[in-house]
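Below is final21.csv, which holds CSV, C-alpha atoms and all ligand atoms.
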```
chain,number,residue,atom,x,y,z
A,1,MET,CA,-63.0,119.4,67.8
A,2,ASP,CA,-62.1,115.8,67.1
A,3,ARG,CA,-64.3,112.8,67.8
A,4,ASP,CA,-62.5,111.7,70.9
A,5,LEU,CA,-62.7,115.1,72.5
A,6,ARG,CA,-66.4,115.2,71.7
A,7,ARG,CA,-66.9,111.7,73.2
A,8,ARG,CA,-65.2,112.9,76.5
A,9,LEU,CA,-67.2,116.1,76.6
A,10,ARG,CA,-70.4,114.0,76.3
A,11,LEU,CA,-69.3,112.0,79.3
A,12,LEU,CA,-68.7,115.1,81.4
A,13,PRO,CA,-71.6,115.8,83.8
A,14,LYS,CA,-73.1,119.1,82.6
A,15,ALA,CA,-75.9,121.5,83.4
A,16,GLU,CA,-78.1,123.4,81.0
A,17,LEU,CA,-79.9,126.6,82.1
A,18,HIS,CA,-81.6,128.0,79.0
A,19,LEU,CA,-84.0,125.6,77.4
A,20,HIS,CA,-87.7,126.0,76.6
A,21,LEU,CA,-90.0,122.9,76.9
A,22,GLU,CA,-92.1,124.1,74.0
A,23,GLY,CA,-88.9,124.6,71.9
A,24,VAL,CA,-87.9,121.0,72.4
A,25,LEU,CA,-90.3,119.8,69.8
A,26,ASN,CA,-88.4,119.0,66.5
A,27,PRO,CA,-90.2,118.7,63.2
A,28,ALA,CA,-90.9,115.0,63.7
A,29,ASP,CA,-92.3,115.6,67.2
A,30,LEU,CA,-94.5,118.4,65.8
A,31,LEU,CA,-95.8,116.0,63.1
A,32,ALA,CA,-96.6,113.3,65.7
A,33,LEU,CA,-98.6,115.8,67.7
A,34,SER,CA,-100.3,117.1,64.6
A,35,GLN,CA,-101.3,113.6,63.7
A,36,ARG,CA,-102.4,112.8,67.2
A,37,HIS,CA,-104.9,115.7,67.1
A,38,ASP,CA,-106.0,115.3,63.5
A,39,PHE,CA,-103.9,118.1,62.0
A,40,PRO,CA,-105.5,121.1,63.9
A,41,PHE,CA,-103.1,123.6,62.2
A,42,GLY,CA,-102.7,121.9,58.9
A,43,LEU,CA,-99.1,120.5,59.3
A,44,ARG,CA,-99.7,117.3,57.4
A,45,ASP,CA,-96.1,116.2,56.6
A,46,LEU,CA,-92.5,116.6,57.7
A,47,ALA,CA,-91.8,119.1,54.9
A,48,ALA,CA,-94.6,121.4,56.3
A,49,CYS,CA,-93.1,121.2,59.8
A,50,ARG,CA,-89.6,121.9,58.5
A,51,ARG,CA,-91.0,124.9,56.5
A,52,LEU,CA,-92.5,126.3,59.7
A,53,TYR,CA,-89.1,126.1,61.3
A,54,THR,CA,-87.4,127.9,58.4
A,55,PHE,CA,-87.5,131.6,59.1
A,56,SER,CA,-85.2,134.6,58.5
A,57,ASP,CA,-85.9,136.8,61.5
A,58,PHE,CA,-87.0,137.0,65.1
A,59,PRO,CA,-90.7,137.5,64.3
A,60,GLY,CA,-90.6,134.4,62.1
A,61,PHE,CA,-89.1,132.5,65.0
A,62,ILE,CA,-91.9,133.8,67.3
A,63,GLN,CA,-94.5,132.5,64.8
A,64,ALA,CA,-92.8,129.1,64.8
A,65,ILE,CA,-92.7,128.6,68.5
A,66,LYS,CA,-96.2,129.9,68.9
A,67,THR,CA,-97.5,127.3,66.4
A,68,ALA,CA,-95.4,124.6,68.1
A,69,SER,CA,-96.9,125.6,71.5
A,70,GLN,CA,-100.4,125.4,70.0
A,71,HIS,CA,-99.8,121.7,69.2
A,72,LEU,CA,-99.5,121.0,72.9
A,73,ILE,CA,-103.2,120.5,73.3
A,74,ALA,CA,-103.6,118.0,76.1
A,75,PRO,CA,-101.7,117.6,79.4
A,76,GLU,CA,-100.4,114.3,78.0
A,77,ASP,CA,-98.7,116.2,75.2
A,78,TYR,CA,-96.7,118.2,77.7
A,79,ALA,CA,-95.8,115.0,79.5
A,80,TRP,CA,-94.6,113.5,76.3
A,81,ALA,CA,-92.5,116.6,75.6
A,82,VAL,CA,-90.9,116.2,79.0
A,83,GLU,CA,-89.9,112.6,78.2
A,84,GLN,CA,-88.5,113.5,74.7
A,85,MET,CA,-86.5,116.3,76.3
A,86,ALA,CA,-85.1,114.3,79.2
A,87,ARG,CA,-84.0,111.5,76.9
A,88,ARG,CA,-82.1,114.0,74.7
A,89,LEU,CA,-80.5,115.8,77.7
A,90,ALA,CA,-79.3,112.5,79.3
A,91,ALA,CA,-77.8,111.4,75.9
A,92,GLN,CA,-75.6,114.5,76.1
A,93,GLY,CA,-74.4,113.9,79.7
A,94,ILE,CA,-76.6,116.6,81.1
A,95,VAL,CA,-77.3,115.9,84.8
A,96,TYR,CA,-79.2,119.1,85.7
A,97,ALA,CA,-81.4,121.4,83.7
A,98,GLU,CA,-83.6,124.4,84.5
A,99,VAL,CA,-86.4,124.4,81.9
A,100,PHE,CA,-88.7,127.2,81.0
A,101,VAL,CA,-92.3,126.3,80.8
A,102,SER,CA,-94.5,129.0,79.4
A,103,ILE,CA,-97.3,129.4,81.9
A,104,GLY,CA,-98.1,132.7,80.1
A,105,ILE,CA,-98.9,130.7,76.9
A,106,LEU,CA,-100.9,128.1,78.9
A,107,HIS,CA,-103.1,131.0,80.2
A,108,TRP,CA,-103.3,132.5,76.7
A,109,LYS,CA,-104.4,129.1,75.3
A,110,ARG,CA,-107.0,129.0,78.1
A,111,MET,CA,-105.7,125.6,79.3
A,112,ALA,CA,-106.2,124.8,83.0
A,113,VAL,CA,-102.7,124.8,84.7
A,114,ALA,CA,-103.4,122.1,87.3
A,115,PRO,CA,-103.7,119.1,84.9
A,116,VAL,CA,-100.7,120.2,82.9
A,117,TRP,CA,-98.7,120.7,86.1
A,118,GLU,CA,-99.7,117.2,87.3
A,119,ALA,CA,-98.8,115.7,83.9
A,120,ILE,CA,-95.4,117.3,83.6
A,121,GLU,CA,-94.5,116.6,87.2
A,122,ALA,CA,-95.3,112.9,86.8
A,123,ALA,CA,-93.3,112.9,83.6
A,124,ARG,CA,-90.4,114.7,85.4
A,125,ARG,CA,-90.3,112.2,88.2
A,126,GLN,CA,-90.4,109.2,85.8
A,127,ALA,CA,-87.7,110.8,83.5
A,128,GLU,CA,-85.4,111.6,86.4
A,129,ALA,CA,-85.6,108.0,87.6
A,130,ARG,CA,-85.2,106.6,84.1
A,131,HIS,CA,-82.4,108.8,82.8
A,132,GLY,CA,-80.6,109.7,86.0
A,133,LEU,CA,-80.8,113.5,85.8
A,134,ARG,CA,-82.5,116.3,87.7
A,135,LEU,CA,-84.9,118.9,86.2
A,136,ALA,CA,-86.3,122.1,87.6
A,137,TRP,CA,-88.8,124.5,86.2
A,138,ILE,CA,-88.8,128.2,85.5
A,139,PHE,CA,-92.3,129.6,85.1
A,140,ASP,CA,-92.2,131.9,82.1
A,141,ALA,CA,-94.4,134.9,81.3
A,142,VAL,CA,-94.8,136.8,78.1
A,143,ARG,CA,-93.6,140.4,78.2
A,144,GLN,CA,-96.1,141.9,75.8
A,145,PHE,CA,-99.0,140.3,77.8
A,146,GLY,CA,-98.3,142.8,80.6
A,147,ALA,CA,-97.7,142.8,84.3
A,148,GLU,CA,-101.1,141.5,85.4
A,149,ALA,CA,-100.6,138.4,83.2
A,150,ALA,CA,-97.1,138.0,84.6
A,151,GLY,CA,-98.5,138.3,88.1
A,152,ARG,CA,-100.8,135.4,87.4
A,153,VAL,CA,-97.7,133.4,86.3
A,154,LEU,CA,-96.0,134.2,89.6
A,155,ASP,CA,-99.2,133.2,91.5
A,156,GLU,CA,-98.9,129.8,89.8
A,157,ALA,CA,-95.2,129.5,90.7
A,158,ILE,CA,-96.0,130.2,94.4
A,159,LEU,CA,-98.9,127.7,94.4
A,160,ARG,CA,-97.1,124.9,92.6
A,161,ARG,CA,-93.7,125.0,94.2
A,162,ALA,CA,-95.0,123.1,97.2
A,163,SER,CA,-95.5,120.1,94.9
A,164,GLY,CA,-92.5,120.4,92.6
A,165,PRO,CA,-89.2,122.2,91.8
A,166,VAL,CA,-90.3,125.6,90.6
A,167,VAL,CA,-87.0,127.6,91.1
A,168,ALA,CA,-87.7,130.9,89.3
A,169,ILE,CA,-89.9,133.1,87.1
A,170,GLY,CA,-88.9,134.6,83.8
A,171,ILE,CA,-90.1,136.9,81.1
A,172,GLY,CA,-89.6,136.6,77.4
A,173,GLY,CA,-90.9,137.9,74.1
A,174,ASP,CA,-91.1,141.5,73.0
A,175,GLU,CA,-88.5,143.6,75.0
A,176,ILE,CA,-89.7,146.9,73.5
A,177,GLY,CA,-93.4,146.1,73.7
A,178,GLY,CA,-93.1,144.8,77.3
A,179,PRO,CA,-90.3,146.8,79.1
A,180,ALA,CA,-88.8,145.5,82.3
A,181,GLU,CA,-90.2,148.4,84.5
A,182,TRP,CA,-93.7,146.9,84.0
A,183,PHE,CA,-92.6,143.9,85.9
A,184,ALA,CA,-90.7,145.4,88.9
A,185,GLY,CA,-93.6,144.7,91.3
A,186,VAL,CA,-94.0,141.1,90.1
A,187,TYR,CA,-90.2,140.4,90.7
A,188,THR,CA,-90.3,142.1,94.1
A,189,ARG,CA,-93.1,139.8,95.1
A,190,ALA,CA,-91.2,136.8,93.7
A,191,ARG,CA,-88.1,137.7,95.8
A,192,ALA,CA,-90.2,138.1,98.9
A,193,ALA,CA,-91.6,134.6,98.3
A,194,GLY,CA,-88.1,133.2,97.8
A,195,ILE,CA,-88.5,132.6,94.1
A,196,GLY,CA,-85.6,133.3,91.8
A,197,GLY,CA,-85.7,135.7,88.8
A,198,THR,CA,-84.4,135.6,85.3
A,199,ALA,CA,-85.3,137.6,82.2
A,200,HIS,CA,-84.7,137.4,78.5
A,201,ALA,CA,-83.1,140.8,77.8
A,202,GLY,CA,-80.6,142.3,75.3
A,203,GLU,CA,-81.6,139.8,72.7
A,204,THR,CA,-83.5,142.0,70.3
A,205,ALA,CA,-83.2,145.4,72.2
A,206,GLY,CA,-80.2,147.4,73.2
A,207,PRO,CA,-78.0,147.6,76.4
A,208,GLU,CA,-80.7,149.7,78.2
A,209,SER,CA,-82.9,146.5,78.2
A,210,VAL,CA,-80.2,144.6,80.1
A,211,ARG,CA,-79.7,147.5,82.5
A,212,ALA,CA,-83.4,147.6,83.1
A,213,ALA,CA,-83.5,143.9,83.9
A,214,LEU,CA,-80.7,144.4,86.5
A,215,ASP,CA,-82.1,147.7,88.0
A,216,GLN,CA,-85.9,147.0,87.9
A,217,LEU,CA,-86.0,143.2,88.3
A,218,GLN,CA,-82.7,142.5,90.1
A,219,VAL,CA,-82.4,139.2,88.3
A,220,ARG,CA,-79.5,136.8,88.9
A,221,ARG,CA,-79.6,135.5,85.3
A,222,ILE,CA,-80.2,137.1,81.9
A,223,GLY,CA,-81.3,135.2,78.8
A,224,HIS,CA,-78.9,136.2,76.0
A,225,GLY,CA,-77.9,139.7,77.1
A,226,LEU,CA,-76.1,140.2,73.8
A,227,ALA,CA,-76.5,143.9,73.7
A,228,ALA,CA,-74.4,144.3,76.9
A,229,ALA,CA,-71.3,143.7,74.8
A,230,GLN,CA,-71.8,147.2,73.3
A,231,ASP,CA,-71.6,149.0,76.6
A,232,ALA,CA,-68.3,149.0,78.5
A,233,ASN,CA,-69.9,150.3,81.8
A,234,LEU,CA,-72.4,147.6,81.7
A,235,LEU,CA,-69.8,144.9,81.0
A,236,ALA,CA,-67.8,146.1,84.1
A,237,ARG,CA,-71.0,146.0,86.2
A,238,LEU,CA,-71.8,142.4,85.0
A,239,ALA,CA,-68.3,141.2,85.6
A,240,ALA,CA,-68.5,142.5,89.2
A,241,ALA,CA,-72.0,141.2,90.0
A,242,ASP,CA,-73.3,137.8,90.8
A,243,VAL,CA,-75.1,137.7,87.5
A,244,TYR,CA,-74.9,135.1,84.8
A,245,LEU,CA,-75.8,135.3,81.1
A,246,ASP,CA,-77.3,132.4,79.2
A,247,ILE,CA,-75.5,132.3,75.8
A,248,CYS,CA,-77.2,130.4,72.9
A,249,THR,CA,-75.1,131.1,69.8
A,250,ILE,CA,-77.0,128.8,67.4
A,251,SER,CA,-80.3,130.4,68.4
A,252,ASN,CA,-78.8,133.8,67.9
A,253,GLN,CA,-77.6,132.8,64.4
A,254,LYS,CA,-81.0,131.3,63.4
A,255,THR,CA,-83.0,134.3,64.6
A,256,ARG,CA,-80.5,136.7,63.1
A,257,CYS,CA,-80.1,138.4,66.5
A,258,TRP,CA,-76.4,137.8,65.7
A,259,LEU,CA,-74.8,137.9,62.2
A,260,PRO,CA,-71.9,135.5,61.9
A,261,SER,CA,-70.0,138.0,59.8
A,262,THR,CA,-69.4,139.9,63.1
A,263,ALA,CA,-67.7,138.8,66.3
A,264,HIS,CA,-70.2,137.0,68.6
A,265,PRO,CA,-70.7,139.0,71.9
A,266,VAL,CA,-69.7,135.9,73.8
A,267,GLN,CA,-66.1,136.6,72.7
A,268,ILE,CA,-66.3,140.0,74.4
A,269,PHE,CA,-68.1,138.6,77.5
A,270,ASP,CA,-65.4,136.0,77.9
A,271,SER,CA,-62.5,138.5,77.7
A,272,SER,CA,-64.3,140.9,80.0
A,273,SER,CA,-64.9,138.3,82.8
A,274,THR,CA,-68.7,138.5,82.4
A,275,LYS,CA,-70.0,135.2,83.6
A,276,TRP,CA,-71.9,133.1,81.1
A,277,SER,CA,-73.0,129.5,80.4
A,278,PRO,CA,-74.1,127.8,77.2
A,279,GLY,CA,-77.7,126.8,76.4
A,280,SER,CA,-79.6,125.4,73.4
A,281,ASP,CA,-82.7,127.6,73.8
A,282,ASP,CA,-85.1,125.8,71.5
A,283,PRO,CA,-83.2,122.7,70.3
A,284,GLY,CA,-86.1,121.2,68.3
A,285,ILE,CA,-86.5,124.4,66.3
A,286,PHE,CA,-82.9,125.5,65.9
A,287,GLY,CA,-81.3,122.0,65.5
A,288,SER,CA,-79.1,123.0,68.5
A,289,SER,CA,-78.0,121.1,71.6
A,290,LEU,CA,-75.8,121.9,74.5
A,291,LEU,CA,-73.0,119.9,73.0
A,292,LYS,CA,-73.3,121.6,69.6
A,293,GLU,CA,-73.1,124.9,71.5
A,294,ILE,CA,-69.8,123.9,73.0
A,295,TYR,CA,-68.5,122.7,69.7
A,296,ASN,CA,-69.6,126.0,68.1
A,297,CYS,CA,-67.8,128.0,70.8
A,298,HIS,CA,-64.6,126.0,70.3
A,299,ASP,CA,-64.5,125.4,66.6
A,300,ASN,CA,-66.1,128.6,65.1
A,301,LEU,CA,-65.7,131.2,67.9
A,302,ALA,CA,-62.2,130.1,68.9
A,303,LEU,CA,-62.9,130.1,72.6
A,304,PRO,CA,-60.0,128.5,74.5
A,305,TRP,CA,-60.5,125.5,76.8
A,306,PRO,CA,-60.2,127.4,80.1
A,307,SER,CA,-63.1,129.5,78.9
A,308,LEU,CA,-65.2,126.5,77.9
A,309,ARG,CA,-64.4,124.9,81.3
A,310,ARG,CA,-65.4,128.0,83.2
A,311,ALA,CA,-68.6,128.4,81.1
A,312,LEU,CA,-69.6,124.8,81.8
A,313,ARG,CA,-68.9,125.2,85.5
A,314,ASN,CA,-71.1,128.3,85.4
A,315,GLY,CA,-73.9,126.0,84.4
A,316,PHE,CA,-73.9,124.9,88.0
A,317,ARG,CA,-72.7,128.1,89.6
A,318,GLY,CA,-75.3,130.3,88.0
A,319,SER,CA,-78.1,127.8,88.7
A,320,PHE,CA,-80.9,128.4,91.2
A,321,LEU,CA,-79.8,125.4,93.2
A,322,ALA,CA,-78.8,126.0,96.9
A,323,ALA,CA,-75.1,126.7,97.3
A,324,ALA,CA,-74.4,123.3,98.9
A,325,GLU,CA,-76.0,121.5,96.0
A,326,ARG,CA,-74.1,123.5,93.5
A,327,ASP,CA,-70.9,122.6,95.3
A,328,VAL,CA,-71.7,118.8,95.1
A,329,TYR,CA,-72.2,119.1,91.4
A,330,LEU,CA,-69.0,121.2,90.9
A,331,GLU,CA,-66.9,118.6,92.7
A,332,ARG,CA,-68.3,115.9,90.5
A,333,PHE,CA,-67.6,118.1,87.5
A,334,ASP,CA,-64.0,118.9,88.4
A,335,ALA,CA,-63.3,115.2,89.2
A,336,ALA,CA,-64.8,114.1,85.9
A,337,TRP,CA,-62.8,116.8,84.0
A,338,ARG,CA,-59.6,115.3,85.4
A,339,GLU,CA,-60.6,111.7,84.9
A,340,LEU,CA,-61.6,112.3,81.3
A,341,ASP,CA,-58.3,114.1,80.8
A,342,LEU,CA,-59.9,117.1,79.2
A,343,PRO,CA,-57.6,119.9,78.2
A,344,ALA,CA,-56.3,122.0,81.1
A,345,GLY,CA,-55.4,125.1,79.0
A,401,ZN,ZN,-85.0,131.6,75.4
```
Write the structure described by the file as C-alpha cells, please.
Amino acid sequence: MDRDLRRRLRLLPKAELHLHLEGVLNPADLLALSQRHDFPFGLRDLAACRRLYTFSDFPGFIQAIKTASQHLIAPEDYAWAVEQMARRLAAQGIVYAEVFVSIGILHWKRMAVAPVWEAIEAARRQAEARHGLRLAWIFDAVRQFGAEAAGRVLDEAILRRASGPVVAIGIGGDEIGGPAEWFAGVYTRARAAGIGGTAHAGETAGPESVRAALDQLQVRRIGHGLAAAQDANLLARLAAADVYLDICTISNQKTRCWLPSTAHPVQIFDSSSTKWSPGSDDPGIFGSSLLKEIYNCHDNLALPWPSLRRALRNGFRGSFLAAAERDVYLERFDAAWRELDLPAG
C-alpha cells in the first residue's frame, strides 16, 4: 500500500475492538516501569525487555504478558498505561476502542480493584478529552482460574459500571484447561445484568471451542476464532448470526497460532461472509497496530478494498455500543471514506 493511501487510512475514523491494556506495554514502557519499581523482575535494560518479548510459541507469549502485567504494580502504573495507549490509538485515527483489562490478573496479583479502577477511569477521562477519542472497558477473566474467579470478575463489572463504561466481560487464556461450559452460569448472569459477552476461542483449540463459546456463552463477539475456518457448518452458522470475530493476524503470526506458509483463516472468513474486524491484540508485545493489521491484510493477505472497508465498518457494527451510537459513527465513517476518496472497489 503506498504512502498516500496509508495517510488517508490514518485519517479515517476507526474503531478497535481487540486490544489488551497490559499488552500495550512495549519494551521501552516495560523498562520504564521496571526502573520505577527498582527492577522487581530483573529487567535492567532494553535488550532484556526485548528478549522477554521474543518467543516462539503461545506459552512463551503467555509468559511474556504475565511478566509485563506483573510490572503494573501501582494504580498509577495502570493510569500511565491508559495514557500511552490512548495517545497511540489517537495517532492512528482510532476514535473508539473497547479495551480488555484483566481483572482476573488483578485478583491473582492480590491488588485491590477499587484504586486501580479509580486510576484508570481518571486516566480515561483525561485521555478522551486530550486525544478526542472514546474508550470502553471489557473486564477479562482467565479461563484456567475457573468459574468462581470469573464470577468475581463479573461482580466487579456489575459494581463498576455505574461509575464508568464497562461494556462486557471476557475470558482468555487456556481454552483446553478452562472450557467454555465452566462459564455458562457467569455469562447467563452477565446477560441478565445487561452486560455484553465476548470470549477468546478457537485461537489455540479447535472449532469445538468456538462452537462452545456460541452455545454455552451466547457471545456476540469471539476473539480470534481461527479454528472456525476448518468447519463449513460453523462458518455457515457464523455468517448467519449476529456474531463478529476479532482478527489479529500479526498476533497470530507471532504466537505461531497461524503459520504464514498457509492461508490465513481471515481469507476464508471473508469469502464465507463471516463478519470480522481487525485488532492489534497486544501491540507493545507484537509490534502491531490497527493500521499495520490493515496493511498486512491488504499487502500480504490480498484482501480487496471492499473487504477492508466492510471489516473496518464492523469495528463499529460489532461493538457493544447502543445501536443509535453505532449508526452515528458509521455515518461519520462513510462520509470520511468518500471525502478521503478511498478505493470503492
Ligand atoms: Zn486477545
Per residue of chain A within 9 Å of ligand ZN 401 (chain A), which atom pair is closest and at what distance in Å (one decimal), using only C-alpha atoms and all ligand atoms, listed by chain and increasing number, as a tab-separated table?
```
residue	atom	partner	partner_atom	distance
A:His18	CA	A:ZN401	ZN	6.1
A:Leu19	CA	A:ZN401	ZN	6.4
A:His20	CA	A:ZN401	ZN	6.3
A:Gly23	CA	A:ZN401	ZN	8.7
A:Phe100	CA	A:ZN401	ZN	8.0
A:Gly172	CA	A:ZN401	ZN	7.1
A:Gly173	CA	A:ZN401	ZN	8.7
A:His200	CA	A:ZN401	ZN	6.6
A:Gly223	CA	A:ZN401	ZN	6.2
A:His224	CA	A:ZN401	ZN	7.7
A:Asp246	CA	A:ZN401	ZN	8.6
A:Cys248	CA	A:ZN401	ZN	8.3
A:Ser251	CA	A:ZN401	ZN	8.5
A:Gly279	CA	A:ZN401	ZN	8.8
A:Ser280	CA	A:ZN401	ZN	8.5
A:Asp281	CA	A:ZN401	ZN	4.9
A:Asp282	CA	A:ZN401	ZN	7.0
```
Within 12 Å of file point (-92.2, 110.7, 68.5), counting only C-alpha atoms, expressed as a list in words: Val24, Leu25, Asn26, Pro27, Ala28, Asp29, Leu30, Leu31, Ala32, Leu33, Ser34, Gln35, Arg36, Asp77, Trp80, Ala81, Val82, Glu83, Gln84, Met85 and Arg87 of chain A
Pairwise distance for CA of Ala236 in chain A and CA of Ala311 in chain A, rounded to one decimal in Å: 18.0 Å
A:Asp4, A:Ala68, A:Arg256, A:Ala232 ranked by distance to Pro40 in chain A, top pick (using only C-alpha atoms): A:Ala68
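The residue that comes closest to Leu290 in chain A, out of A:Pro207, A:Gly315, A:Gly164, A:Gly60 and on the basis of all atoms listed in the file, is A:Gly315.
When all atoms listed in the file are used to compute distances to Gln144 in chain A, the closest of the residues A:Ala180, A:Ala90, A:Val116, A:Leu238 turns out to be A:Ala180.
The gap separating CA of Asp270 in chain A from CA of Phe316 in chain A is 17.2 Å, in Å to one decimal.
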All residues 10 Å or closer to Asp215 in chain A, all atoms listed in the file, same chain fewer than 4 positions away omitted, as a PyMOL selection string: chain A and resi 180-181+184+209-211+219
Atomic separation - CA of Ala150 in chain A relative to CA of Ala241 in chain A, Å: 25.9 Å
Residues within 10 Å of (-99.6, 143.6, 84.6), file coords, only C-alpha atoms, listed as a PyMOL selection string: chain A and resi 143-152+178+182-183+185-186
Arg332 in chain A surroundings by all atoms listed in the file, 12 Å radius, close-in-sequence under 6 positions cut, as a PyMOL selection string: chain A and resi 11-15+95+313+316+325-326+338-340
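Shortest atom-to-atom contact with Ala168 in chain A among A:Ile65, A:Val142, A:Leu154, A:Ile268: A:Leu154, counting all atoms listed in the file.
Distances here use all atoms listed in the file; by that measure, the residue among A:Ile294, A:Ala122, A:Ile94, A:Val101 closest to Val167 in chain A is A:Val101.
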Close residues, Ala227 in chain A itself excluded, 7 Å, all atoms listed in the file, min 6 positions apart in chain, as a PyMOL selection string: chain A and resi 202-203+206-207
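Nearest-residue note for Asp242 in chain A: choosing from A:Ala123, A:Arg317, A:Thr188, A:Gly170, the minimum distance belongs to A:Arg317, counting all atoms listed in the file.
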Ser69 in chain A surroundings by all atoms listed in the file, 9 Å radius, close-in-sequence under 2 positions cut, as an MDAnalysis selection string: chainID A and resid 22:23 25 64:67 71:73 102 105:106
